[in-house]
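Beneath this line is the structure, given in structure tokens, with notes to follow.
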Amino acid sequence: MHQFKRNLSIILGVVLMWFIDNVKGTCSGQVYKKTMFEGKLYEGWASASTVGSIRECGGKCTIDTECQSFGINIASLNCYLYNFLIWSGSRGTTDLNMVYYWAYQKTCPVSKGYSLHESGTALLCSTIITSSATWEDAMARCYKDDGHLLIPNSQDKAAIATRLILRNLGVQFVHLGATDMNEEGVWNWLNGAPIVNDRIYTDNYDGMQHCLSYNSDRWDDQSCGLKRPFLCEIPLD
């Protein structure tokens, strides 16, 4: 009996961890996945309420047609809805009980000009914006499609991105989805994944370089106010 209880506890623990990492909304089967950043209450939420569970918070986000991500305080169960994909490095205040979830799309929206690319284990749904914009304006453009700036966070995905950039834009600076504008020297992708690549070069020249750009054979920190072309990416389930 003792062994049975121990095995049951392990199984329930695995199920609980899966549920915390993957939440389905109560309508239309919308899938939300836990981000790799937490511990802050980020600014910019559109609405807040107290709920009974993570699932209920996800359900509220699903019902709200403008909601793209949500955060929840796992102690108080305060639920915060965001009309964009809240990102690692956003402005906020420390709250160690906060966790966040992004809405993942089921299909790549080709009707909006996006294309699906596959290489190895990587799947990239993206569109190229050739008109130049500042880093923050580029982010705002990607928000309109429920997306974010390109996150080449694996070797296969980086290879796809490099081919797309060279084929369509040539050798020039292109905005990428990473910044340290709100915490100097802390570079993570927008989804909170650490940047693990020996091509990254960050010197923060003149103390003004806080946004990451593709630059030929490396990823380079540049001024966020510089206007560059960029790629928007849609997170797929």
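Residues in the structure tokens are numbered from 1 in each chain, the chains being A, B, ... in the order shown, and ligands are numbered from 1 in the order shown.
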Selection near Thr107 (chain A), 8 Å with only C-alpha atoms, sequence-local residues under 2 positions removed, as a ChimeraX atom specification: /A:105,109,236
Residues of region 6-218 of chain A in strand (DSSP E or B), written as a short mmCIF file (atom, residue, chain, number, x, y, z; two decimals) with N, CA and C atoms, in the first residue's frame:
data_model
loop_
_atom_site.label_atom_id
_atom_site.label_comp_id
_atom_site.auth_asym_id
_atom_site.auth_seq_id
_atom_site.Cartn_x
_atom_site.Cartn_y
_atom_site.Cartn_z
N ASN A 22 1.12 23.64 -19.53
CA ASN A 22 0.23 23.67 -20.69
C ASN A 22 -1.20 23.81 -20.22
N VAL A 23 -1.84 24.90 -20.59
CA VAL A 23 -3.21 25.17 -20.16
C VAL A 23 -4.08 25.34 -21.39
N LYS A 24 -5.22 24.66 -21.42
CA LYS A 24 -6.19 24.86 -22.50
C LYS A 24 -7.32 25.74 -21.99
N VAL A 31 -4.66 26.82 -26.80
CA VAL A 31 -3.58 26.29 -25.98
C VAL A 31 -2.68 27.43 -25.51
N TYR A 32 -2.36 27.41 -24.22
CA TYR A 32 -1.41 28.35 -23.65
C TYR A 32 -0.24 27.56 -23.08
N LYS A 33 0.96 28.09 -23.25
CA LYS A 33 2.14 27.41 -22.72
C LYS A 33 2.91 28.37 -21.82
N LYS A 34 3.40 27.81 -20.73
CA LYS A 34 4.12 28.61 -19.74
C LYS A 34 5.43 29.12 -20.33
N THR A 35 5.71 30.39 -20.08
CA THR A 35 6.96 30.98 -20.54
C THR A 35 8.09 30.60 -19.59
N MET A 36 9.31 30.95 -19.97
CA MET A 36 10.47 30.66 -19.13
C MET A 36 10.85 31.85 -18.25
N PHE A 37 10.00 32.87 -18.21
CA PHE A 37 10.26 34.00 -17.31
C PHE A 37 9.13 34.10 -16.29
N GLU A 38 9.47 34.57 -15.11
CA GLU A 38 8.52 34.68 -14.02
C GLU A 38 9.11 35.59 -12.95
N GLY A 39 8.38 35.79 -11.87
CA GLY A 39 8.95 36.52 -10.73
C GLY A 39 8.75 38.02 -10.75
N LYS A 40 7.99 38.54 -11.73
CA LYS A 40 7.68 39.96 -11.78
C LYS A 40 6.23 40.14 -12.21
N LEU A 41 5.61 41.22 -11.72
CA LEU A 41 4.31 41.62 -12.25
C LEU A 41 4.61 42.68 -13.31
N TYR A 42 4.44 42.30 -14.57
CA TYR A 42 4.79 43.19 -15.68
C TYR A 42 3.69 44.20 -15.95
N SER A 47 -6.62 43.94 -18.09
CA SER A 47 -7.63 43.72 -17.06
C SER A 47 -7.08 42.77 -16.00
N ALA A 48 -7.66 42.84 -14.81
CA ALA A 48 -7.21 41.98 -13.71
C ALA A 48 -8.42 41.53 -12.90
N SER A 49 -8.35 40.30 -12.40
CA SER A 49 -9.43 39.77 -11.57
C SER A 49 -8.87 38.62 -10.74
N THR A 50 -9.63 38.19 -9.76
CA THR A 50 -9.25 37.02 -8.95
C THR A 50 -10.01 35.81 -9.47
N SER A 69 -1.86 36.84 -24.03
CA SER A 69 -1.09 36.18 -22.98
C SER A 69 -1.70 36.55 -21.63
N PHE A 70 -1.36 35.76 -20.63
CA PHE A 70 -1.85 36.10 -19.30
C PHE A 70 -0.82 35.73 -18.24
N GLY A 71 -0.93 36.44 -17.11
CA GLY A 71 -0.09 36.14 -15.96
C GLY A 71 -0.97 35.83 -14.78
N ILE A 72 -0.49 35.00 -13.88
CA ILE A 72 -1.27 34.66 -12.70
C ILE A 72 -0.36 34.55 -11.49
N ASN A 73 -0.82 35.11 -10.39
CA ASN A 73 -0.12 34.98 -9.12
C ASN A 73 -0.58 33.66 -8.50
N ASN A 78 -4.55 36.04 -8.45
CA ASN A 78 -4.89 37.22 -9.23
C ASN A 78 -4.48 36.98 -10.67
N CYS A 79 -5.39 37.23 -11.61
CA CYS A 79 -5.21 36.91 -13.03
C CYS A 79 -5.10 38.21 -13.82
N TYR A 80 -4.07 38.32 -14.67
CA TYR A 80 -3.82 39.52 -15.46
C TYR A 80 -3.81 39.16 -16.95
N LEU A 81 -4.64 39.84 -17.72
CA LEU A 81 -4.73 39.59 -19.16
C LEU A 81 -3.99 40.68 -19.92
N TYR A 82 -3.25 40.25 -20.95
CA TYR A 82 -2.46 41.17 -21.78
C TYR A 82 -2.92 41.07 -23.23
N GLY A 92 8.47 46.02 -14.95
CA GLY A 92 7.60 45.45 -13.94
C GLY A 92 8.21 45.53 -12.55
N THR A 93 7.46 45.06 -11.56
CA THR A 93 7.93 45.05 -10.18
C THR A 93 8.05 43.60 -9.71
N THR A 94 8.97 43.36 -8.81
CA THR A 94 9.23 42.00 -8.33
C THR A 94 8.01 41.40 -7.64
N ASP A 95 7.63 40.22 -8.06
CA ASP A 95 6.56 39.45 -7.44
C ASP A 95 6.87 37.98 -7.73
N LEU A 96 7.47 37.31 -6.78
CA LEU A 96 8.01 35.97 -7.00
C LEU A 96 6.94 34.93 -7.28
N ASN A 97 5.68 35.26 -7.06
CA ASN A 97 4.59 34.30 -7.29
C ASN A 97 3.98 34.39 -8.68
N MET A 98 4.49 35.30 -9.53
CA MET A 98 3.91 35.49 -10.85
C MET A 98 4.50 34.51 -11.87
N VAL A 99 3.62 33.89 -12.66
CA VAL A 99 4.02 33.07 -13.81
C VAL A 99 3.20 33.54 -15.01
N TYR A 100 3.69 33.22 -16.22
CA TYR A 100 3.07 33.75 -17.44
C TYR A 100 2.86 32.67 -18.49
N TYR A 101 1.85 32.89 -19.32
CA TYR A 101 1.49 31.95 -20.38
C TYR A 101 1.25 32.72 -21.68
N TRP A 102 1.76 32.16 -22.77
CA TRP A 102 1.52 32.69 -24.11
C TRP A 102 0.46 31.85 -24.81
N ALA A 103 -0.35 32.51 -25.65
CA ALA A 103 -1.27 31.79 -26.53
C ALA A 103 -0.50 31.29 -27.74
N TYR A 104 -0.63 30.00 -28.04
CA TYR A 104 0.01 29.39 -29.21
C TYR A 104 -1.05 29.10 -30.25
N GLN A 105 -0.72 29.41 -31.51
CA GLN A 105 -1.68 29.24 -32.60
C GLN A 105 -1.60 27.83 -33.18
N SER A 115 4.62 32.46 -43.82
CA SER A 115 5.02 31.20 -44.46
C SER A 115 5.56 30.27 -43.40
N LEU A 116 5.36 28.98 -43.63
CA LEU A 116 5.82 27.96 -42.69
C LEU A 116 7.11 27.33 -43.22
N HIS A 117 8.14 27.28 -42.38
CA HIS A 117 9.44 26.74 -42.75
C HIS A 117 9.85 25.67 -41.73
N GLU A 118 10.48 24.61 -42.22
CA GLU A 118 10.86 23.51 -41.35
C GLU A 118 12.29 23.07 -41.65
N SER A 119 13.05 22.83 -40.58
CA SER A 119 14.42 22.32 -40.72
C SER A 119 14.78 21.56 -39.46
N ALA A 122 13.09 22.14 -36.00
CA ALA A 122 12.56 23.50 -35.90
C ALA A 122 11.41 23.74 -36.87
N LEU A 123 10.42 24.49 -36.41
CA LEU A 123 9.29 24.91 -37.22
C LEU A 123 9.15 26.41 -37.03
N LEU A 124 9.19 27.16 -38.13
CA LEU A 124 9.14 28.61 -38.04
C LEU A 124 8.03 29.15 -38.93
N CYS A 125 7.08 29.86 -38.30
CA CYS A 125 6.02 30.55 -39.01
C CYS A 125 6.37 32.04 -38.96
N SER A 126 6.68 32.63 -40.10
CA SER A 126 7.19 34.00 -40.08
C SER A 126 6.81 34.77 -41.33
N THR A 127 6.96 36.08 -41.24
CA THR A 127 6.82 36.96 -42.39
C THR A 127 7.93 38.00 -42.31
N ILE A 128 8.39 38.45 -43.46
CA ILE A 128 9.47 39.43 -43.54
C ILE A 128 8.88 40.81 -43.79
N ILE A 129 9.26 41.76 -42.95
CA ILE A 129 8.84 43.15 -43.12
C ILE A 129 10.06 43.93 -43.61
N THR A 130 10.02 44.33 -44.86
CA THR A 130 11.19 44.99 -45.46
C THR A 130 11.28 46.46 -45.11
N SER A 131 10.13 47.08 -44.76
CA SER A 131 10.17 48.48 -44.35
C SER A 131 10.79 48.59 -42.96
N SER A 132 11.63 49.58 -42.77
CA SER A 132 12.39 49.69 -41.52
C SER A 132 11.56 50.34 -40.42
N ALA A 133 11.85 49.92 -39.17
CA ALA A 133 11.16 50.47 -38.00
C ALA A 133 12.10 50.37 -36.81
N HIS A 148 5.45 38.04 -32.45
CA HIS A 148 6.56 38.73 -31.80
C HIS A 148 7.73 38.78 -32.77
N LEU A 149 8.75 39.53 -32.46
CA LEU A 149 9.96 39.54 -33.27
C LEU A 149 10.62 38.16 -33.27
N VAL A 174 19.16 43.32 -38.92
CA VAL A 174 17.73 42.95 -38.85
C VAL A 174 17.39 42.77 -37.37
N HIS A 175 16.29 43.39 -36.92
CA HIS A 175 15.89 43.27 -35.52
C HIS A 175 15.61 41.81 -35.14
N LEU A 176 16.05 41.44 -33.93
CA LEU A 176 15.74 40.13 -33.35
C LEU A 176 14.99 40.31 -32.03
N GLY A 177 14.35 39.24 -31.57
CA GLY A 177 13.50 39.31 -30.38
C GLY A 177 14.23 39.13 -29.08
N ALA A 178 15.11 40.09 -28.74
CA ALA A 178 15.80 40.07 -27.45
C ALA A 178 16.24 41.49 -27.11
N THR A 179 16.21 41.82 -25.82
CA THR A 179 16.62 43.14 -25.37
C THR A 179 17.08 43.07 -23.92
N ASN A 188 17.96 37.64 -22.71
CA ASN A 188 17.16 36.44 -22.95
C ASN A 188 16.28 36.70 -24.17
N TRP A 189 15.83 35.62 -24.82
CA TRP A 189 14.84 35.79 -25.86
C TRP A 189 13.54 36.26 -25.23
N PRO A 194 17.13 31.38 -22.41
CA PRO A 194 18.46 31.99 -22.42
C PRO A 194 19.07 31.97 -23.82
N ILE A 200 26.82 35.75 -30.30
CA ILE A 200 26.30 36.98 -29.72
C ILE A 200 27.45 37.89 -29.30
N TYR A 201 27.31 39.18 -29.63
CA TYR A 201 28.33 40.17 -29.31
C TYR A 201 27.64 41.39 -28.73
N CYS A 211 19.16 46.51 -27.84
CA CYS A 211 18.29 45.64 -28.64
C CYS A 211 19.13 44.80 -29.59
N LEU A 212 18.80 43.53 -29.70
CA LEU A 212 19.62 42.60 -30.48
C LEU A 212 19.25 42.64 -31.96
N SER A 213 20.29 42.59 -32.80
CA SER A 213 20.10 42.58 -34.25
C SER A 213 20.92 41.47 -34.88
N TYR A 214 20.40 40.94 -35.97
CA TYR A 214 21.19 40.05 -36.83
C TYR A 214 22.18 40.91 -37.60
N ASN A 215 23.44 40.51 -37.61
CA ASN A 215 24.48 41.28 -38.28
C ASN A 215 25.44 40.31 -38.95
N ARG A 218 27.04 37.36 -36.94
CA ARG A 218 26.88 37.40 -35.49
C ARG A 218 25.58 38.12 -35.12
#
Distance in Å - CA of Arg167 (chain A) versus CA of Gly113 (chain A): 16.7 Å
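Shortest separation to Pro235 (chain A) among A:Leu150, A:Cys67, A:Met139, A:Ala161 occurs at residue A:Leu150, atoms counted being only C-alpha atoms.
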Atomic separation - CA of Arg91 (chain A) relative to CA of Tyr143 (chain A), Å: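 Taking CA of Tyr143 (chain A) as the start and CA of Arg91 (chain A) as the end point, the length is 17.2 Å.
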Among the residues A:Ile63, A:Met181, A:Ile165, A:Ile86, the one that comes closest to Cys224 (chain A) [using only C-alpha atoms]: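 Looking at the shortest contact to Cys224 (chain A), the residue is A:Met181.
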Two-atom distance - CA of Ser223 (chain A), CA of Thr134 (chain A) (Å): 8.9 Å
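With only C-alpha atoms as the atoms that count, the minimum distance from Cys108 (chain A) to the choices A:Thr65, A:Cys57, A:Cys232, A:Ser76 is reached by A:Cys232.
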Within 7 Å of Asp180 (chain A) using only C-alpha atoms, minus same-chain residues under 6 positions, as a list in words: Gly89, Val186, Trp187, His210 and Cys211 of chain A
